[in-house]
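Peer 1: Hey, dropping my_file_21.tsv in here, TSV, C-alpha atoms:
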```
chain	number	residue	atom	x	y	z
A	1	MET	CA	-16.22	-3.43	-8.35
A	2	ARG	CA	-18.72	-4.31	-11.07
A	3	THR	CA	-17.41	-3.14	-14.38
A	4	VAL	CA	-18.97	-2.38	-17.74
A	5	SER	CA	-16.39	-2.04	-20.49
A	6	ASP	CA	-16.21	-0.98	-24.14
A	7	LEU	CA	-13.08	-3.14	-24.43
A	8	PRO	CA	-13.17	-6.91	-23.87
A	9	LEU	CA	-11.66	-7.74	-20.46
A	10	PRO	CA	-10.73	-11.43	-20.62
A	11	ASP	CA	-10.69	-13.15	-17.20
A	12	TRP	CA	-11.71	-9.96	-15.42
A	13	PRO	CA	-13.65	-11.25	-12.42
A	14	PHE	CA	-15.85	-8.18	-12.03
A	15	ALA	CA	-17.08	-7.75	-15.59
A	16	ASP	CA	-20.80	-7.19	-15.76
A	17	SER	CA	-23.07	-6.82	-18.72
A	18	ASP	CA	-25.82	-4.69	-17.25
A	19	GLY	CA	-25.64	-0.91	-17.01
A	20	ASP	CA	-25.73	-0.74	-13.22
A	21	ALA	CA	-21.96	-0.82	-12.80
A	22	ASP	CA	-19.52	0.71	-10.31
A	23	LEU	CA	-16.98	1.39	-13.02
A	24	ILE	CA	-17.40	2.22	-16.69
A	25	ILE	CA	-14.45	1.64	-19.01
A	26	SER	CA	-15.06	3.91	-21.93
A	27	ARG	CA	-13.26	3.89	-25.25
A	28	THR	CA	-12.98	7.49	-26.35
A	29	SER	CA	-10.73	10.01	-28.04
A	30	LEU	CA	-8.13	11.58	-25.73
A	31	ASP	CA	-5.84	14.42	-26.77
A	32	GLY	CA	-2.43	15.31	-25.49
A	33	PRO	CA	1.12	15.95	-26.58
A	34	PRO	CA	2.85	12.99	-28.27
A	35	VAL	CA	5.19	10.84	-26.19
A	36	ASP	CA	8.69	10.50	-27.62
A	37	GLY	CA	10.86	7.46	-27.25
A	38	PRO	CA	10.61	3.73	-27.81
A	39	ARG	CA	7.42	1.73	-27.41
A	40	HIS	CA	6.20	1.62	-23.76
A	41	THR	CA	7.75	4.97	-22.91
A	42	ALA	CA	5.17	6.34	-20.51
A	43	ARG	CA	4.36	9.81	-19.35
A	44	TRP	CA	1.91	10.46	-16.60
A	45	GLN	CA	0.44	13.49	-15.00
A	46	VAL	CA	-1.24	13.19	-11.64
A	47	GLN	CA	-3.02	15.82	-9.62
A	48	PRO	CA	-5.60	15.58	-6.85
A	49	GLY	CA	-8.49	13.52	-8.21
A	50	ARG	CA	-7.05	12.97	-11.67
A	51	LEU	CA	-4.63	10.82	-13.67
A	52	GLY	CA	-3.56	11.22	-17.30
A	53	LEU	CA	-1.29	8.56	-18.77
A	54	ALA	CA	0.18	8.31	-22.27
A	55	VAL	CA	2.17	5.27	-23.38
A	56	GLN	CA	4.11	5.30	-26.65
A	57	GLY	CA	2.82	2.67	-29.07
A	58	VAL	CA	-0.06	1.73	-26.74
A	59	GLY	CA	-2.49	4.55	-26.05
A	60	ARG	CA	-3.80	7.19	-23.68
A	61	TYR	CA	-5.73	6.76	-20.45
A	62	ARG	CA	-7.59	9.19	-18.27
A	63	VAL	CA	-9.22	8.87	-14.87
A	64	ALA	CA	-10.92	12.11	-13.88
A	65	ASP	CA	-13.89	10.52	-12.13
A	66	PRO	CA	-13.54	7.46	-9.87
A	67	GLY	CA	-16.40	5.83	-11.79
A	68	VAL	CA	-15.02	6.23	-15.31
A	69	LEU	CA	-11.79	5.00	-16.86
A	70	GLU	CA	-11.29	6.45	-20.34
A	71	VAL	CA	-8.98	4.77	-22.82
A	72	ASP	CA	-7.86	5.72	-26.32
A	73	PRO	CA	-5.77	2.91	-27.84
A	74	GLU	CA	-3.35	3.71	-30.65
A	75	PRO	CA	-4.59	2.23	-33.95
A	76	ASN	CA	-1.82	-0.38	-34.19
A	77	ALA	CA	-1.49	-1.14	-30.47
A	78	ALA	CA	-1.47	-4.78	-29.32
A	79	ALA	CA	-4.60	-5.59	-27.31
A	80	GLU	CA	-2.54	-7.12	-24.47
A	81	ASP	CA	-0.50	-3.92	-24.15
A	82	VAL	CA	-3.65	-1.79	-23.96
A	83	LEU	CA	-5.02	-4.06	-21.22
A	84	LEU	CA	-1.72	-4.14	-19.31
A	85	TYR	CA	-1.82	-0.39	-18.56
A	86	LEU	CA	-5.59	-0.35	-18.26
A	87	THR	CA	-5.68	-3.00	-15.53
A	88	GLY	CA	-2.39	-1.75	-14.03
A	89	ALA	CA	-1.53	1.94	-13.81
A	90	ALA	CA	-4.94	3.32	-14.83
A	91	MET	CA	-6.86	0.92	-12.56
A	92	SER	CA	-4.56	1.82	-9.65
A	93	ALA	CA	-5.78	5.42	-9.94
A	94	VAL	CA	-9.40	4.23	-9.89
A	95	LEU	CA	-8.68	2.20	-6.75
A	96	HIS	CA	-6.88	5.05	-4.99
A	97	LEU	CA	-9.64	7.52	-5.85
A	98	ARG	CA	-12.29	5.12	-4.58
A	99	GLY	CA	-10.56	4.77	-1.24
A	100	ARG	CA	-9.53	1.15	-1.83
A	101	TYR	CA	-6.11	0.17	-0.58
A	102	PRO	CA	-4.19	-1.85	-3.17
A	103	LEU	CA	-0.90	-3.60	-2.40
A	104	HIS	CA	1.66	-4.45	-5.06
A	105	ALA	CA	1.55	-8.14	-4.22
A	106	SER	CA	0.43	-11.54	-5.47
A	107	ALA	CA	-1.51	-13.91	-3.23
A	108	VAL	CA	-2.61	-17.47	-2.60
A	109	ALA	CA	-4.84	-18.94	0.08
A	110	ILE	CA	-3.54	-21.65	2.40
A	111	ASP	CA	-6.18	-23.36	4.53
A	112	GLY	CA	-8.67	-20.67	3.51
A	113	ARG	CA	-6.58	-17.70	4.52
A	114	ALA	CA	-4.70	-15.51	2.09
A	115	VAL	CA	-0.98	-14.80	2.20
A	116	ALA	CA	0.26	-11.91	0.08
A	117	ILE	CA	3.72	-11.88	-1.48
A	118	ALA	CA	5.07	-8.37	-2.04
A	119	GLY	CA	8.32	-7.26	-3.61
A	120	ARG	CA	9.57	-5.03	-6.38
A	121	SER	CA	8.92	-5.88	-10.03
A	122	GLY	CA	11.05	-8.85	-11.02
A	123	ALA	CA	11.54	-10.02	-7.42
A	124	GLY	CA	9.70	-13.28	-8.10
A	125	LYS	CA	6.21	-12.73	-6.67
A	126	SER	CA	4.42	-14.54	-9.49
A	127	THR	CA	6.95	-17.39	-9.60
A	128	LEU	CA	6.53	-18.00	-5.89
A	129	VAL	CA	2.75	-17.85	-6.18
A	130	ALA	CA	2.74	-20.31	-9.13
A	131	THR	CA	5.01	-22.60	-7.08
A	132	LEU	CA	2.67	-22.44	-4.07
A	133	VAL	CA	-0.29	-23.24	-6.32
A	134	GLY	CA	1.65	-26.20	-7.73
A	135	ARG	CA	2.04	-27.43	-4.13
A	136	GLY	CA	-1.68	-27.19	-3.41
A	137	ALA	CA	-2.41	-23.58	-2.42
A	138	GLU	CA	-5.44	-21.85	-3.90
A	139	PHE	CA	-4.67	-19.03	-6.31
A	140	VAL	CA	-6.07	-15.61	-5.31
A	141	THR	CA	-4.49	-12.81	-7.33
A	142	ASP	CA	-1.36	-11.80	-9.22
A	143	ASP	CA	0.47	-8.49	-8.91
A	144	VAL	CA	-2.19	-6.51	-7.09
A	145	CYS	CA	-4.07	-7.25	-3.86
A	146	VAL	CA	-7.09	-5.02	-3.40
A	147	THR	CA	-7.67	-5.05	0.34
A	148	THR	CA	-10.97	-4.56	2.08
A	149	GLU	CA	-12.17	-4.50	5.66
A	150	LEU	CA	-14.41	-7.44	6.44
A	151	SER	CA	-17.50	-7.16	8.61
A	152	ASP	CA	-15.71	-8.82	11.55
A	153	GLY	CA	-12.92	-6.20	11.54
A	154	ARG	CA	-10.39	-8.45	9.82
A	155	HIS	CA	-8.97	-7.56	6.43
A	156	GLY	CA	-9.46	-9.48	3.24
A	157	ILE	CA	-8.31	-9.33	-0.34
A	158	TRP	CA	-10.31	-9.64	-3.54
A	159	PRO	CA	-9.54	-12.42	-6.00
A	160	GLY	CA	-8.13	-11.15	-9.28
A	161	PRO	CA	-8.12	-12.57	-12.80
A	162	ALA	CA	-7.31	-16.31	-12.77
A	163	ARG	CA	-3.79	-15.99	-14.19
A	164	ALA	CA	-0.26	-14.86	-13.34
A	165	LYS	CA	2.37	-13.12	-15.46
A	166	LEU	CA	5.63	-15.08	-15.80
A	167	ASP	CA	8.64	-14.88	-18.07
A	168	GLN	CA	10.18	-17.92	-19.80
A	169	ARG	CA	12.71	-18.55	-17.06
A	170	SER	CA	9.99	-18.60	-14.41
A	171	LEU	CA	7.73	-20.72	-16.61
A	172	ARG	CA	10.53	-23.30	-16.84
A	173	ALA	CA	10.91	-23.20	-13.06
A	174	VAL	CA	7.23	-24.04	-12.58
A	175	GLU	CA	7.36	-26.64	-15.38
A	176	SER	CA	5.05	-24.67	-17.65
A	177	ALA	CA	7.51	-23.77	-20.43
A	178	GLY	CA	6.53	-24.76	-23.96
A	179	ARG	CA	2.85	-24.29	-23.30
A	180	ASP	CA	0.92	-22.18	-25.76
A	181	LEU	CA	0.38	-19.11	-23.58
A	182	ALA	CA	-0.92	-15.66	-24.44
A	183	PRO	CA	1.56	-12.76	-24.14
A	184	ALA	CA	0.91	-10.55	-21.10
A	185	GLY	CA	1.88	-7.29	-22.84
A	186	GLY	CA	4.67	-4.93	-21.92
A	187	ASN	CA	8.35	-5.34	-22.67
A	188	ARG	CA	9.41	-7.88	-20.04
A	189	GLY	CA	8.64	-10.97	-22.12
A	190	LYS	CA	5.94	-12.24	-19.78
A	191	TYR	CA	3.07	-14.60	-20.55
A	192	HIS	CA	-0.27	-15.26	-18.89
A	193	LEU	CA	-0.15	-18.57	-17.06
A	194	PRO	CA	-3.71	-19.65	-16.23
A	195	LEU	CA	-4.01	-20.36	-12.50
A	196	GLY	CA	-6.97	-21.03	-10.28
A	197	VAL	CA	-10.56	-20.98	-11.36
A	198	ASP	CA	-13.11	-18.41	-12.35
A	199	ARG	CA	-15.16	-17.99	-9.19
A	200	GLY	CA	-18.23	-16.49	-10.77
A	201	ARG	CA	-19.20	-14.31	-7.86
A	202	PRO	CA	-15.95	-13.40	-6.16
A	203	ALA	CA	-15.81	-12.72	-2.42
A	204	PRO	CA	-12.88	-11.36	-0.41
A	205	ILE	CA	-10.63	-13.88	1.34
A	206	PRO	CA	-9.39	-13.13	4.88
A	207	LEU	CA	-5.74	-12.07	4.84
A	208	ARG	CA	-3.31	-13.73	7.23
A	209	GLY	CA	-0.05	-12.04	6.38
A	210	VAL	CA	2.09	-10.08	3.98
A	211	TYR	CA	5.57	-11.33	3.08
A	212	LEU	CA	8.00	-8.92	1.46
A	213	LEU	CA	10.64	-10.57	-0.74
A	214	ALA	CA	14.00	-9.08	0.25
A	215	ASP	CA	17.49	-9.90	-0.99
A	216	ASP	CA	19.85	-11.50	1.49
A	217	GLU	CA	22.76	-13.89	1.14
A	218	GLY	CA	22.15	-15.72	4.41
A	219	PRO	CA	19.79	-18.64	4.96
A	220	VAL	CA	16.16	-18.29	3.86
A	221	ARG	CA	14.28	-16.88	6.84
A	222	LEU	CA	11.45	-14.66	8.06
A	223	GLU	CA	11.79	-11.44	9.97
A	224	VAL	CA	8.48	-10.27	11.47
A	225	LEU	CA	8.11	-6.48	11.35
A	226	GLN	CA	6.49	-4.34	14.03
A	227	GLY	CA	5.22	-0.80	14.44
A	228	VAL	CA	6.88	1.80	12.26
A	229	GLU	CA	8.63	-0.79	10.10
A	230	ALA	CA	5.43	-2.72	9.43
A	231	VAL	CA	3.51	0.39	8.43
A	232	THR	CA	6.25	1.96	6.32
A	233	THR	CA	6.88	-1.35	4.57
A	234	LEU	CA	3.22	-1.59	3.61
A	235	MET	CA	3.28	2.02	2.44
A	236	GLN	CA	6.29	1.30	0.24
A	237	GLU	CA	4.51	-1.72	-1.22
A	238	THR	CA	1.35	0.23	-2.02
A	239	TYR	CA	0.35	-0.37	-5.64
A	240	PHE	CA	1.45	2.70	-7.61
A	241	ALA	CA	2.40	4.47	-4.39
A	242	GLU	CA	3.83	7.28	-6.52
A	243	TYR	CA	0.31	8.08	-7.75
A	244	ALA	CA	-1.43	7.78	-4.39
A	245	GLY	CA	0.09	10.87	-2.79
A	246	ALA	CA	-0.40	13.08	-5.83
A	247	LEU	CA	-4.00	11.90	-6.29
A	248	GLY	CA	-4.71	13.01	-2.74
A	249	ALA	CA	-4.96	9.47	-1.36
A	250	GLY	CA	-1.75	9.46	0.73
A	251	GLU	CA	-3.46	9.93	4.08
A	252	ARG	CA	-6.10	7.35	3.26
A	253	CYS	CA	-3.40	4.83	2.30
A	254	PHE	CA	-1.50	5.49	5.50
A	255	ARG	CA	-4.57	4.88	7.63
A	256	ALA	CA	-5.30	1.70	5.66
A	257	ALA	CA	-1.69	0.52	6.03
A	258	GLY	CA	-1.93	1.16	9.78
A	259	ALA	CA	-5.19	-0.77	10.04
A	260	LEU	CA	-3.69	-3.63	8.04
A	261	ALA	CA	-0.52	-3.73	10.15
A	262	ARG	CA	-2.70	-4.05	13.26
A	263	THR	CA	-4.58	-7.09	11.99
A	264	VAL	CA	-2.15	-9.10	9.85
A	265	GLN	CA	1.43	-10.23	10.20
A	266	VAL	CA	3.90	-8.24	8.11
A	267	ALA	CA	7.23	-9.99	7.57
A	268	ARG	CA	10.31	-9.73	5.45
A	269	LEU	CA	11.17	-12.94	3.61
A	270	LEU	CA	14.95	-12.86	3.33
A	271	ARG	CA	16.35	-15.00	0.55
A	272	PRO	CA	19.07	-15.10	-2.08
A	273	ARG	CA	17.86	-14.24	-5.57
A	274	ALA	CA	18.05	-17.73	-6.98
A	275	ILE	CA	15.13	-19.32	-8.76
A	276	GLU	CA	16.15	-22.83	-7.58
A	277	ARG	CA	15.55	-21.70	-3.99
A	278	VAL	CA	11.88	-20.85	-4.64
A	279	PRO	CA	10.53	-24.22	-3.38
A	280	GLU	CA	12.32	-23.54	-0.09
A	281	LEU	CA	10.52	-20.18	0.19
A	282	ALA	CA	7.22	-21.86	-0.58
A	283	GLU	CA	7.81	-24.39	2.19
A	284	LEU	CA	8.66	-21.65	4.70
A	285	ILE	CA	5.49	-19.71	3.83
A	286	GLU	CA	3.33	-22.85	4.11
A	287	ARG	CA	4.81	-23.63	7.51
A	288	ASP	CA	4.35	-20.07	8.75
A	289	ALA	CA	0.79	-19.81	7.37
A	290	ARG	CA	-0.28	-23.01	9.14
A	291	ARG	CA	1.21	-21.95	12.44
A	292	GLY	CA	-1.50	-20.71	14.80
B	1	MET	CA	7.88	29.05	12.02
B	2	GLY	CA	10.96	30.79	13.36
B	3	ARG	CA	9.73	30.51	16.94
B	4	THR	CA	12.77	29.92	19.00
B	5	GLU	CA	11.57	30.71	22.52
B	6	ARG	CA	12.39	28.06	25.08
B	7	ILE	CA	9.79	25.56	26.14
B	8	GLU	CA	9.11	26.38	29.79
B	9	PRO	CA	7.02	24.49	32.36
B	10	THR	CA	4.18	26.96	31.76
B	11	THR	CA	4.39	26.66	27.97
B	12	VAL	CA	1.28	25.15	26.40
B	13	VAL	CA	1.78	22.72	23.54
B	14	SER	CA	-0.70	21.07	21.18
B	15	ARG	CA	-0.52	18.60	18.32
B	16	ASN	CA	-0.21	19.93	14.82
B	17	GLU	CA	-3.04	18.96	12.42
B	18	GLU	CA	-0.33	17.20	10.47
B	19	PRO	CA	0.84	14.46	10.86
B	20	VAL	CA	-1.63	11.62	10.46
B	21	ALA	CA	-1.11	9.07	13.23
B	22	VAL	CA	-1.99	5.40	13.53
B	23	GLU	CA	-1.23	3.07	16.41
B	24	VAL	CA	0.38	-0.31	15.72
B	25	ASP	CA	2.09	-2.74	18.13
B	26	ARG	CA	2.12	-0.20	20.99
B	27	THR	CA	3.83	2.33	18.74
B	28	VAL	CA	2.37	5.55	17.42
B	29	VAL	CA	3.35	5.79	13.77
B	30	MET	CA	3.02	9.19	12.17
B	31	LEU	CA	3.14	10.35	8.60
B	32	SER	CA	3.84	13.94	7.78
B	33	ILE	CA	2.60	14.29	4.22
B	34	ALA	CA	4.00	17.83	4.03
B	35	GLN	CA	7.50	16.62	4.91
B	36	GLY	CA	7.22	13.14	3.39
B	37	MET	CA	8.53	11.70	6.67
B	38	TYR	CA	7.49	8.95	9.03
B	39	TYR	CA	7.91	9.13	12.79
B	40	GLY	CA	7.43	6.54	15.47
B	41	MET	CA	6.96	6.86	19.22
B	42	GLU	CA	6.94	4.14	21.83
B	43	GLY	CA	6.76	4.00	25.62
B	44	VAL	CA	6.62	7.36	27.39
B	45	GLY	CA	6.75	9.22	24.07
B	46	ARG	CA	3.60	7.43	22.95
B	47	ARG	CA	1.96	8.34	26.26
B	48	ILE	CA	2.91	12.00	25.88
B	49	TRP	CA	1.47	12.03	22.37
B	50	ALA	CA	-1.77	10.55	23.70
B	51	LEU	CA	-1.95	13.19	26.45
B	52	LEU	CA	-1.46	15.92	23.86
B	53	GLU	CA	-4.82	15.06	22.36
B	54	THR	CA	-5.88	18.21	24.18
B	55	PRO	CA	-3.46	21.17	24.47
B	56	ARG	CA	-1.57	21.13	27.78
B	57	SER	CA	1.17	22.91	29.61
B	58	VAL	CA	4.46	21.12	30.25
B	59	ALA	CA	3.70	21.22	33.99
B	60	SER	CA	0.32	19.56	33.50
B	61	LEU	CA	1.88	16.88	31.28
B	62	CYS	CA	4.39	16.16	34.05
B	63	ASP	CA	1.63	16.00	36.67
B	64	ARG	CA	0.11	13.10	34.76
B	65	LEU	CA	3.40	11.40	33.93
B	66	MET	CA	4.50	11.51	37.58
B	67	GLU	CA	1.32	9.65	38.52
B	68	GLU	CA	2.04	6.95	35.96
B	69	PHE	CA	5.83	6.65	36.02
B	70	GLU	CA	8.34	6.75	38.82
B	71	VAL	CA	10.09	10.04	38.20
B	72	ASP	CA	10.64	13.27	40.12
B	73	ARG	CA	9.47	16.61	38.79
B	74	ALA	CA	12.89	18.03	37.92
B	75	ASP	CA	13.87	15.01	35.80
B	76	CYS	CA	10.42	14.74	34.27
B	77	GLU	CA	10.30	18.38	33.22
B	78	ALA	CA	13.81	18.29	31.80
B	79	ASP	CA	13.10	15.15	29.77
B	80	VAL	CA	9.67	16.29	28.60
B	81	ARG	CA	10.99	19.69	27.55
B	82	GLU	CA	13.77	18.06	25.56
B	83	PHE	CA	11.33	15.61	23.94
B	84	LEU	CA	8.88	18.39	23.05
B	85	GLU	CA	11.73	20.40	21.57
B	86	GLN	CA	12.41	17.47	19.19
B	87	LEU	CA	8.73	17.28	18.30
B	88	ARG	CA	8.67	21.01	17.63
B	89	GLN	CA	11.72	20.76	15.36
B	90	SER	CA	9.92	18.02	13.41
B	91	SER	CA	6.81	20.26	13.19
B	92	LEU	CA	4.72	17.64	15.01
B	93	ILE	CA	3.52	20.07	17.70
B	94	ARG	CA	2.72	23.73	18.10
B	95	VAL	CA	3.90	25.83	20.98
B	96	HIS	CA	1.54	28.47	22.33
B	97	ASP	CA	2.50	31.57	24.31
B	98	VAL	CA	-0.84	31.54	26.08
B	99	PRO	CA	-3.36	28.75	26.56
B	100	PRO	CA	-5.19	28.44	23.21
B	101	ASP	CA	-8.87	29.23	23.16
B	102	SER	CA	-10.50	26.03	21.98
B	103	THR	CA	-13.14	27.92	19.98
B	104	ASP	CA	-10.65	30.23	18.30
B	105	ALA	CA	-7.51	28.28	17.44
B	106	PRO	CA	-4.48	30.36	16.43
B	107	ALA	CA	-4.14	30.64	12.66
B	108	GLY	CA	-1.09	28.65	11.65
B	109	GLY	CA	2.12	28.08	13.60
```
Go through the file and emit its structure as structure tokens.
Peer 2:
Amino acid sequence: MRTVSDLPLPDWPFADSDGDADLIISRTSLDGPPVDGPRHTARWQVQPGRLGLAVQGVGRYRVADPGVLEVDPEPNAAAEDVLLYLTGAAMSAVLHLRGRYPLHASAVAIDGRAVAIAGRSGAGKSTLVATLVGRGAEFVTDDVCVTTELSDGRHGIWPGPARAKLDQRSLRAVESAGRDLAPAGGNRGKYHLPLGVDRGRPAPIPLRGVYLLADDEGPVRLEVLQGVEAVTTLMQETYFAEYAGALGAGERCFRAAGALARTVQVARLLRPRAIERVPELAELIERDARRG
Amino acid sequence: MGRTERIEPTTVVSRNEEPVAVEVDRTVVMLSIAQGMYYGMEGVGRRIWALLETPRSVASLCDRLMEEFEVDRADCEADVREFLEQLRQSSLIRVHDVPPDSTDAPAGG
């Protein structure tokens, strides 16, 4: 999605300087009632074809046309906070309205094929991805996988910005603590860890499988999902699933989840929530990704 | 709604426009957006759903199923009627008193 933006979009792989863009990010004045509460308190209003989002201490966003994302930053807002919601919640509405199917997942490529790591916020997606990259995998995207159907019927995902968001604990785990990193915005104390390379002209990477991080006290193991479970799991892991239905994209997402479940492996990755076990998860994913 | 008549061998049933269905791993997975519910059907259920692509009577459904599965008519009709009753309660199918005219579908169920 070639993008022309009034705001600088550092590392955004689809930024374009000419006017012939798929998406225009426009800085404008947006009205609405004030949002009460501490910084980052968000209020959103979604209806078919339209998202309005207001974030206390950050700004307002509006998507009323799938080709235009409007943003009105508060005068004293931190640039990283403005970008966090712009490339997150607001961009999710753009994707849903354009019929793209985004998964809330991070991804690396192993032997040229992408594996996506899904799981709720704080589950350790980015830490696992940074660990896999440290072991030789190629970085693809952090936090959101925009899927696409390839010409041969397989599904692929688009590379994202060449960085992942990690908190201090995770940075220590991947031996990147103490580096001078830029804050990633938001209130979770995360930083942008540069990963991978700027590809210039990005192309989608064929997707092999989706692994959902799930809590379990037993041994680290995979549970391959079939049929209803595979599809409903993907639906639950849809990026901003709560917006998709209200925007009128629920049916589209369901069809996309079904198509994805037919062509890629969907598995639950059962593991205890312990950061010292992450290398074990990485090894299991590498083994599974290289199998067949 | 509120139709409580029994499903008889002559009763004609058709799929509702909702849900949206996709097929994965030999399972039909359905999403009813109106109800916010997922449904799955495998085996004979999946076959019945496929046959309901066009409206059919229970008897005609059983004609086909008896060709494909080893079952006698009495058992088949009893099982199919029970299965269709479940589908009706989940609003996945519509039950017609008379065969629907394909060019003039009944307005709402």
Peer 1: Would you kindly report the residues of chain A within 6 Å of chain B, using all atoms listed in the file, as a PyMOL selection string?
Peer 2: chain A and resi 227-228+258+262
Peer 1: Would you mind exporting the chosen residues as a tab-separated table (two decimals), in the frame of the given file, restricted to C-alpha atoms?
Peer 2:
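File written: part25.tsv
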```
chain	number	residue	atom	x	y	z
A	227	GLY	CA	5.22	-0.80	14.44
A	228	VAL	CA	6.88	1.80	12.26
A	258	GLY	CA	-1.93	1.16	9.78
A	262	ARG	CA	-2.70	-4.05	13.26
```
Peer 1: Separation of CA of Glu8 (chain B) and CA of Ser90 (chain B), in Å?
Peer 2: 18.4 Å
Peer 1: Quick one: residues within 9 Å of Thr141 (chain A), all atoms listed in the file counted, chain neighbours fewer than 2 positions away excluded, as number ranges by chain?
Peer 2: A: 105-108, 116, 129, 139, 143-145, 157-164
Peer 1: Please identify all polymer residues within 10 Å of Leu65 (chain B), counting only C-alpha atoms, omitting same-chain residues fewer than 6 positions from it, and present them as a PyMOL selection string.
Peer 2: chain B and resi 44+47-48+51+59+71-73+76-77+80
Peer 1: Please produce a file of those selected residues containing C-alpha atoms, as an mmCIF file, in the coordinates of the input.
Peer 2:
```
data_model
loop_
_atom_site.group_PDB
_atom_site.id
_atom_site.type_symbol
_atom_site.label_atom_id
_atom_site.label_comp_id
_atom_site.auth_asym_id
_atom_site.auth_seq_id
_atom_site.Cartn_x
_atom_site.Cartn_y
_atom_site.Cartn_z
ATOM 1 C CA VAL B 44 6.620 7.360 27.390
ATOM 2 C CA ARG B 47 1.960 8.340 26.260
ATOM 3 C CA ILE B 48 2.910 12.000 25.880
ATOM 4 C CA LEU B 51 -1.950 13.190 26.450
ATOM 5 C CA ALA B 59 3.700 21.220 33.990
ATOM 6 C CA VAL B 71 10.090 10.040 38.200
ATOM 7 C CA ASP B 72 10.640 13.270 40.120
ATOM 8 C CA ARG B 73 9.470 16.610 38.790
ATOM 9 C CA CYS B 76 10.420 14.740 34.270
ATOM 10 C CA GLU B 77 10.300 18.380 33.220
ATOM 11 C CA VAL B 80 9.670 16.290 28.600
#
```
Peer 1: Residues within 8 Å of region 242-257 of chain A, please, as a list in words. Count only C-alpha atoms; anything in the same chain fewer than 6 positions from it doesn't count.
Peer 2: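 Skipping anything fewer than 6 positions along the chain leaves Val46, Gln47, Pro48, Gly49, Arg50, Leu51, Ala93, His96, Leu97, Gly99, Tyr101, Val231, Leu234 and Met235 of chain A; Val20, Ala21, Val22, Leu31 and Ile33 of chain B.
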Peer 1: Looking at only C-alpha atoms, which of B:Ala74, B:Cys62, B:Ile7, B:Val12 is the one that sits closest to Gln89 (chain B)?
Peer 2: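 For Gln89 (chain B), the nearest of the candidates is B:Ile7.
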Peer 1: Could you tell me, as a list of chain:residue names, which residues have any atom at most 10 Å from (-6.2, 18.6, 26.4), counting only C-alpha atoms?
Peer 2: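 Protein, DNA and RNA residues close to (-6.2, 18.6, 26.4): B:Val12, B:Val13, B:Ser14, B:Arg15, B:Ala50, B:Leu51, B:Leu52, B:Glu53, B:Thr54, B:Pro55, B:Arg56, B:Ser57, B:Ser60, B:Leu61, B:Ser102.
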Peer 1: Please write the residues from the selection above to a file, keeping C-alpha atoms, as a PDB file, keeping the file's coordinate frame.
Peer 2:
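See part_29.pdb below for the written result:
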```pdb
ATOM      1  CA  VAL B  12       1.280  25.150  26.400  1.00  0.00           C
ATOM      2  CA  VAL B  13       1.780  22.720  23.540  1.00  0.00           C
ATOM      3  CA  SER B  14      -0.700  21.070  21.180  1.00  0.00           C
ATOM      4  CA  ARG B  15      -0.520  18.600  18.320  1.00  0.00           C
ATOM      5  CA  ALA B  50      -1.770  10.550  23.700  1.00  0.00           C
ATOM      6  CA  LEU B  51      -1.950  13.190  26.450  1.00  0.00           C
ATOM      7  CA  LEU B  52      -1.460  15.920  23.860  1.00  0.00           C
ATOM      8  CA  GLU B  53      -4.820  15.060  22.360  1.00  0.00           C
ATOM      9  CA  THR B  54      -5.880  18.210  24.180  1.00  0.00           C
ATOM     10  CA  PRO B  55      -3.460  21.170  24.470  1.00  0.00           C
ATOM     11  CA  ARG B  56      -1.570  21.130  27.780  1.00  0.00           C
ATOM     12  CA  SER B  57       1.170  22.910  29.610  1.00  0.00           C
ATOM     13  CA  SER B  60       0.320  19.560  33.500  1.00  0.00           C
ATOM     14  CA  LEU B  61       1.880  16.880  31.280  1.00  0.00           C
ATOM     15  CA  SER B 102     -10.500  26.030  21.980  1.00  0.00           C
TER      16      SER B 102
END
```
Peer 1: Would you work out the distance separating CA of Glu17 (chain B) from CA of Arg94 (chain B), expressed in Å to one decimal?
Peer 2: 9.4 Å
Peer 1: Quick one: distance from CA of Leu23 (chain A) to CA of Met1 (chain A) in Å, one decimal?
Peer 2: 6.8 Å
Peer 1: With 4 Å of padding per side, what axis-aligned box (centre and edge lengths, Å, one decimal) covers all the listed atoms of region 168-181 of chain A? Give it as JSON.
Peer 2:
```
{"center_x": 6.5, "center_y": -22.3, "center_z": -19.2, "size_x": 20.3, "size_y": 16.7, "size_z": 21.2}
```
Peer 1: Which of these, A:Val174, A:Leu207, A:Ala230, A:Leu195, has the shortest distance to Ile275 (chain A) once you count all atoms listed in the file?
Peer 2: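 Using all atoms listed in the file, Ile275 (chain A) sits closest to A:Val174.
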Peer 1: For a quick check of understanding, using only C-alpha atoms, which of A:Arg62, A:Arg277, A:Arg98, A:Arg179 has the smallest distance to Pro219 (chain A)?
Peer 2: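 Counting only C-alpha atoms, the residue closest to Pro219 (chain A) is A:Arg277.
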Peer 1: Do a neighbour search on Ala182 (chain A) at 9 Å with all atoms listed in the file, toss out local chain neighbours closer than 5 positions, and write the hits as a list in words.
Peer 2: Glu80, Lys190, Tyr191, His192 and Leu193 of chain A
Peer 1: Find the residue from B:Asp63, B:Glu70, B:Met37, B:Glu5 that sits nearest to Arg88 (chain B); use all atoms listed in the file when measuring.
Peer 2: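 Answer, going by the shortest atom-to-atom distance: B:Glu5.
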Peer 1: Give me, as a compact mmCIF listing (two decimals) with C-alpha atoms, in the coordinates of the input, all polymer residues having an atom no more than 7 Å from Asp72 (chain A), counting only C-alpha atoms and skipping those fewer than 6 positions away in the same chain.
Peer 2:
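Final output, around-v4.txt:
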```
# COMPACT_ATOMS: atom_id res chain seq x y z
CA ARG A 27 -13.26 3.89 -25.25
CA THR A 28 -12.98 7.49 -26.35
CA SER A 29 -10.73 10.01 -28.04
CA LEU A 30 -8.13 11.58 -25.73
CA GLY A 59 -2.49 4.55 -26.05
CA ARG A 60 -3.80 7.19 -23.68
CA TYR A 61 -5.73 6.76 -20.45
```
